[in-house]
Amino acid sequence: MLKSAYGSWPSPIDATLAAAHDGQPEWVGFVGDEVWWTEPRPAEGGRRALVRRTADGREESVLPAPWNVRSRVIEYGGLPWHGVVQGGAPLLVFTHFADQRLYRYEPGGEPVPLTPLSAVGGGLRWAEPRVDLARGEVWCVLEEFTGDGPGDVRRVLAAVPLDGSAADDRAAVRELTDDRRRFVTGARLSPDGRRAAWLAWDHPRMPWEGTELLVGEVGDDGTLHAVRTVAGGPEESVAQADWTPDGALLYASDRGGWWNLYRDGTPLCPREEEFAGPLWKLGTRWFAPLDNGLIAVVHGRGSTLLGVLDPESGEVVDAAGPWTEFAGTLATHGTRVVAVGASPRTAYEVVELDTRSGRARAIGARHRDPVDPAYYPEPQIRTFTGPAGREVHAHVYPPHHPGRAAPDGELPPYVIWAHGGPTGRAPLVLDLAIAYFTSRGIGVAEVDYGGSTGYGRAYRERLREQWGVVDVEDCAAVALALAEEGTADRDRLAIRGGSAGGWTTAVSLTTTDVYACGTIIYPVLDLTAWATGETHDFESRYLESLVGPLAEVPARYAERSPAAHADRLTAPFLLLQGLDDVICPPAQCERFLDRVQGRGVPHAYLTFAGEGHGFRRADTMVRALEAELSLYAQVFGLDTPDAPTLELRT
């Protein structure tokens with residue numbers, strides 16, 4: 001085996017390859033017997049294509065470019081399509097990203113708009129459509145802007161005529177609920193069609209803090225009445241609800257400290273595991289009932305598995321296969337279950353489980369190795385000790401190359417990855433962006449800092465009023481532990497993250513001396529501005545739990561904001577920002593940079609037109625990855641000839 005310095009190893013995994021494999025299939029569903037889903041197209045401007053698997057096993061795109069099946073409801077989106085079979089052929093309803101209108105489509109024809117455009121604020125947006133052929137309607141969530149401000153918005157359950165009569169007439173949309181609740185999810189109808197269940201919550205709570213499960217009677221005229229709360233509250237998060245075939249109400253609640261399943265209020269499988277997760281997107285499904293009374297579940301502690309729960313015995317039988325992580329998207333049809341799974345050796349793919357035979361197989365968006373898998377990283381699941389002896393969960397990806405090793409005595413550089421959210425976690429899956437670094441001799445450690453999901457409500461609530469403290473401490477604890485045990489080079493530690501991870505990165509660089517440099521991606525940098533109208537409605541009160549109420553602790557907002565401490569920054573950094581980002585707007589980056597200018601800190605600021613919160617275009621991702629590698633090469637003294645040199649200014 002050849003020996004060469006860490007960071008200089010030649011790798012077949014270039015930025016173009018990593019970008020081409022970014023994203024994952026999402027929003028699986030059945031249309032008749034066929035399985036349909038959305039999947040990313042980075043090379044096509046980042047659009048989401050709707051794909052169907054035909055009876056003969058072929059995969060084909062349902063709609064050509066530029067049709068982009070993606071909703072902007074609550075900015076993070078939600079289930080954007082639904083399909084049924086009418087007259088032996090598919091009938092599809094979907095949301096198009098560019099104008100957010102709801103469209104009807106039948107193969108062989110052209111999409112026909114069902115909803116009008118609105119010139120007010122962010123317009124009209126739709127999520128979780130459910131086609132009701134008997135009533136000739138589509139039931140869905142309507143998000144309607146009433147002004148130009150991010151908070152000038154109302155959300156209701158609504159019914160849209162399938163005949164297109166509302167395409168130019170907002171008054172033809174039938175509202176099913178009033179707008180007294182700030183947020184609602186789509187309604188799930190009971191098997192007899194006489195009851196509907198949905199979730200609702202209000203500011204300042206986020207859905208993982210407290211939601212209510214509402215049930216209403218559906219009248220013969222299609223109206224909802226006698227609405228009542230059956231579960232949930234300010235300190236109880238109900239993450240999903242559905243109905244069993246015999247009309248019992250299923251839901252996932254964390255009232256016992258973990259998101260567990262309940263049937264009409266009775267726990268089905270009480271465990272210190274999660275059977276749901278944070279509701280960042282409307283329509284996320286972690287469980288789905290089967291016709292035979294069993295329940296398909298995505299569950300686990302940390303990583304998640306696909307299983308089948310017997311509600312009578314409380315036993316769960318997990319699907320056999322290589323997948324060690326399943327996303328929150330499920331669909332069932334007869335005895336079939338469709339999900340999206342991945343592992344450290346496979347990217348996300350569409351997986352079908354036949355519950356009669358117990359056989360699971362990949363049926364769509366199948367993983368194909370673009371390079372020799374010998375270049376893939378080999379992760380370690382680790383638990384570190386943070387301040388006050390608290391546990392900190394992490395995935396450690398050491399440098400890995402089939403034909404290279406470092407000279408004796410050399411320790412590798414490591415990059416700490418802080419995930420977004422912050423109410424989220426890092427999935428343990430093959431990520432070619434990680435492999436891009438590890439195959440060159442740069443280690444990566446993904447940290448599920450306090451506040452992360454997957455470990456129960458108590459772990460999640462460690463971040464209450466401690467954002468910018470616990471997350472920063474936990475990331476530093478992992479970085480320093482890797483150095484102290486001789487895994488990483490203490491002088492060559494970096495940190496990177498996007499969104500909330502960008503915040504953690506920026507705070508880490510301005511308040512600690514742990515890291516030699518960092519990559520800050522579409523971050524929160526100024527808490528006071530973010531809390532007073534500089535972000536979207538969904539997260540506009542998020543800081544009340546993460547930091548504290550602004551009116552009560554205004555000094556805390558200034559004390560913790562990286563924008564207020566630019567004078568403390570000494571480490572080189574790279575700042576990456578989408579110019580169309582309404583969640584973490586470019587204005588925060590610009591103010592931060594104004595305070596850094598002239599202080600002699602090497603840095604670069606790259607902006608990307610047409611990108612919002614989360615990069616989706618291949619050319620953007622290539623530029624961002626290569627720039628990040630160049631930063632580490634310059635700061636750590638690495639030889640990386642295949643990465644264009646990033647100009648660092650002071």
# chains A, B, ... in the order shown; residues from 1 in each chain; ligands from 1
$ residues_around --residues "region 591-604 of chain A" --least-positions-apart "4" --cutoff "12 Å" --atoms "only C-alpha atoms" --output "PyMOL selection string"
chain A and resi 506+509-510+516-521+523-526+529+561-577+585-587+624+627-628+630-632+634-635+645-650
$ write_last_selection --atoms "C-alpha atoms" --output "compact mmCIF listing (two decimals), in the first residue's frame"
# COMPACT_ATOMS: atom_id res chain seq x y z
CA ALA A 506 -20.49 30.20 13.28
CA LEU A 509 -15.79 29.78 15.43
CA THR A 510 -16.60 32.94 17.39
CA ALA A 516 -8.67 25.88 12.68
CA CYS A 517 -11.36 26.82 10.15
CA GLY A 518 -15.00 26.29 9.25
CA THR A 519 -17.60 26.14 6.47
CA ILE A 520 -20.80 28.06 7.20
CA ILE A 521 -23.71 27.21 4.90
CA PRO A 523 -26.81 30.03 8.39
CA VAL A 524 -28.69 31.85 11.12
CA LEU A 525 -26.28 34.57 12.30
CA ASP A 526 -28.40 37.28 13.94
CA ALA A 529 -33.30 40.04 13.38
CA SER A 561 -25.36 35.81 17.94
CA PRO A 562 -22.20 35.35 15.87
CA ALA A 563 -23.02 38.64 14.13
CA ALA A 564 -22.39 40.42 17.43
CA HIS A 565 -19.01 38.77 17.92
CA ALA A 566 -17.33 39.08 14.55
CA ASP A 567 -14.42 40.77 16.30
CA ARG A 568 -13.64 37.48 18.06
CA LEU A 569 -13.31 35.57 14.81
CA THR A 570 -9.75 34.59 13.96
CA ALA A 571 -10.16 31.30 12.06
CA PRO A 572 -10.47 31.26 8.25
CA PHE A 573 -13.95 30.46 6.99
CA LEU A 574 -16.05 29.83 3.90
CA LEU A 575 -19.59 31.22 3.77
CA LEU A 576 -22.07 29.73 1.26
CA GLN A 577 -25.49 31.27 0.64
CA PRO A 585 -31.81 35.28 4.15
CA PRO A 586 -28.60 36.63 2.59
CA ALA A 587 -28.96 39.87 4.59
CA ALA A 624 -19.58 24.41 -2.93
CA ALA A 627 -14.51 25.41 -2.42
CA GLU A 628 -14.82 23.60 0.91
CA SER A 630 -9.83 24.11 -1.07
CA LEU A 631 -10.39 25.85 2.27
CA TYR A 632 -9.18 22.79 4.16
CA GLN A 634 -5.04 25.88 2.34
CA VAL A 635 -5.52 25.89 6.11
CA THR A 645 -8.09 27.07 -5.57
CA LEU A 646 -10.54 29.15 -3.56
CA GLU A 647 -9.49 32.78 -3.23
CA LEU A 648 -9.46 33.74 0.42
CA ARG A 649 -9.68 37.44 1.16
CA THR A 650 -9.05 39.36 4.34
$ residues_around --residues "region 260-269 of chain A" --least-positions-apart "2" --cutoff "8 Å" --atoms "only C-alpha atoms" --output "ChimeraX atom specification"
/A:231,248-254,256,258,271,273-276,311-312,314-315
$ write_last_selection --atoms "C-alpha atoms" --output "short mmCIF file (atom, residue, chain, number, x, y, z; two decimals), in the first residue's frame"
data_model
loop_
_atom_site.label_atom_id
_atom_site.label_comp_id
_atom_site.auth_asym_id
_atom_site.auth_seq_id
_atom_site.Cartn_x
_atom_site.Cartn_y
_atom_site.Cartn_z
CA ALA A 231 -54.99 13.82 22.16
CA ALA A 248 -59.86 2.84 15.17
CA LEU A 249 -57.74 5.97 15.47
CA LEU A 250 -53.98 5.43 15.36
CA TYR A 251 -51.50 8.10 16.35
CA ALA A 252 -47.89 8.61 17.42
CA SER A 253 -47.47 10.59 20.67
CA ASP A 254 -44.47 11.34 22.87
CA GLY A 256 -44.34 8.83 27.56
CA TRP A 258 -40.77 8.71 23.22
CA ARG A 271 -40.64 1.13 24.04
CA GLU A 273 -37.72 3.95 20.74
CA GLU A 274 -39.14 6.46 18.30
CA PHE A 275 -42.03 5.44 16.05
CA ALA A 276 -42.18 8.95 14.55
CA PRO A 311 -51.03 -4.43 17.47
CA GLU A 312 -52.47 -7.38 19.40
CA GLY A 314 -47.07 -5.60 20.46
CA GLU A 315 -44.36 -7.45 18.55
#
$ residues_around --residues "region 54-71 of chain A" --least-positions-apart "6" --cutoff "8 Å" --atoms "only C-alpha atoms" --output "PyMOL selection string"
chain A and resi 33-35+38+44+47-48+77-81+94-98+100+107+125-127+363-364
$ residues_around --residues "Glu325 (chain A)" --least-positions-apart "6" --cutoff "6 Å" --atoms "only C-alpha atoms" --output "list of chain:residue names"
A:Ser303, A:Thr304, A:Leu305, A:Gly341, A:Ala342, A:Ser343
$ residues_around --residues "Ala500 (chain A)" --least-positions-apart "5" --cutoff "9 Å" --atoms "only C-alpha atoms" --output "NGL selection string"
:A and (418-423 or 505 or 522-524)
$ select_by_dssp --residues "region 20-152 of chain A" --states "strand (DSSP E)" --output "PyMOL selection string"
chain A and resi 26-31+34-41+47-53+59-61+81-86+89-95+102-105+112-113+124-132+137-145
$ closest_residue --among "A:His203, A:Arg366, A:Arg356, A:Arg285" --to "Val308 (chain A)" --atoms "only C-alpha atoms"
A:Arg356
$ residues_around --residues "region 1-8 of chain A" --least-positions-apart "4" --cutoff "7 Å" --atoms "only C-alpha atoms" --output "PyMOL selection string"
chain A and resi 403-407+412+440-442+638-640
$ residues_around --residues "Ala445 (chain A)" --least-positions-apart "2" --cutoff "9 Å" --atoms "only C-alpha atoms" --output "ChimeraX atom specification"
/A:379,394-398,414-418,443,447,478-479
$ atom_distance --atom1 "CA of Ala633 (chain A)" --atom2 "CA of Arg616 (chain A)"
25.2 Å
$ select_by_dssp --residues "region 6-144 of chain A" --states "helix (DSSP H, G or I)" --output "list in words"
Ala15, Thr16, Leu17, Ala18, Ala19, Ala20, Pro42, Ala43 and Glu44 of chain A
$ closest_residue --among "A:Glu352, A:Asp152, A:Glu26, A:Asp202" --to "Ala49 (chain A)" --atoms "only C-alpha atoms"
A:Glu26
$ closest_residue --among "A:His21, A:Glu143, A:Asp192, A:Leu290" --to "Thr346 (chain A)" --atoms "only C-alpha atoms"
A:His21
$ atom_distance --atom1 "CA of Phe145 (chain A)" --atom2 "CA of Gly122 (chain A)"
5.6 Å
$ atom_distance --atom1 "CA of Asp354 (chain A)" --atom2 "CA of Ala339 (chain A)"
11.6 Å
$ closest_residue --among "A:Thr453, A:Ser190, A:Thr177, A:Thr115" --to "Arg155 (chain A)" --atoms "only C-alpha atoms"
A:Thr177
$ closest_residue --among "A:Arg228, A:Arg41, A:Arg53, A:His536" --to "Val350 (chain A)" --atoms "only C-alpha atoms"
A:Arg53
$ closest_residue --among "A:Arg135, A:Arg205, A:Arg617, A:Arg460" --to "Ala20 (chain A)" --atoms "only C-alpha atoms"
A:Arg617
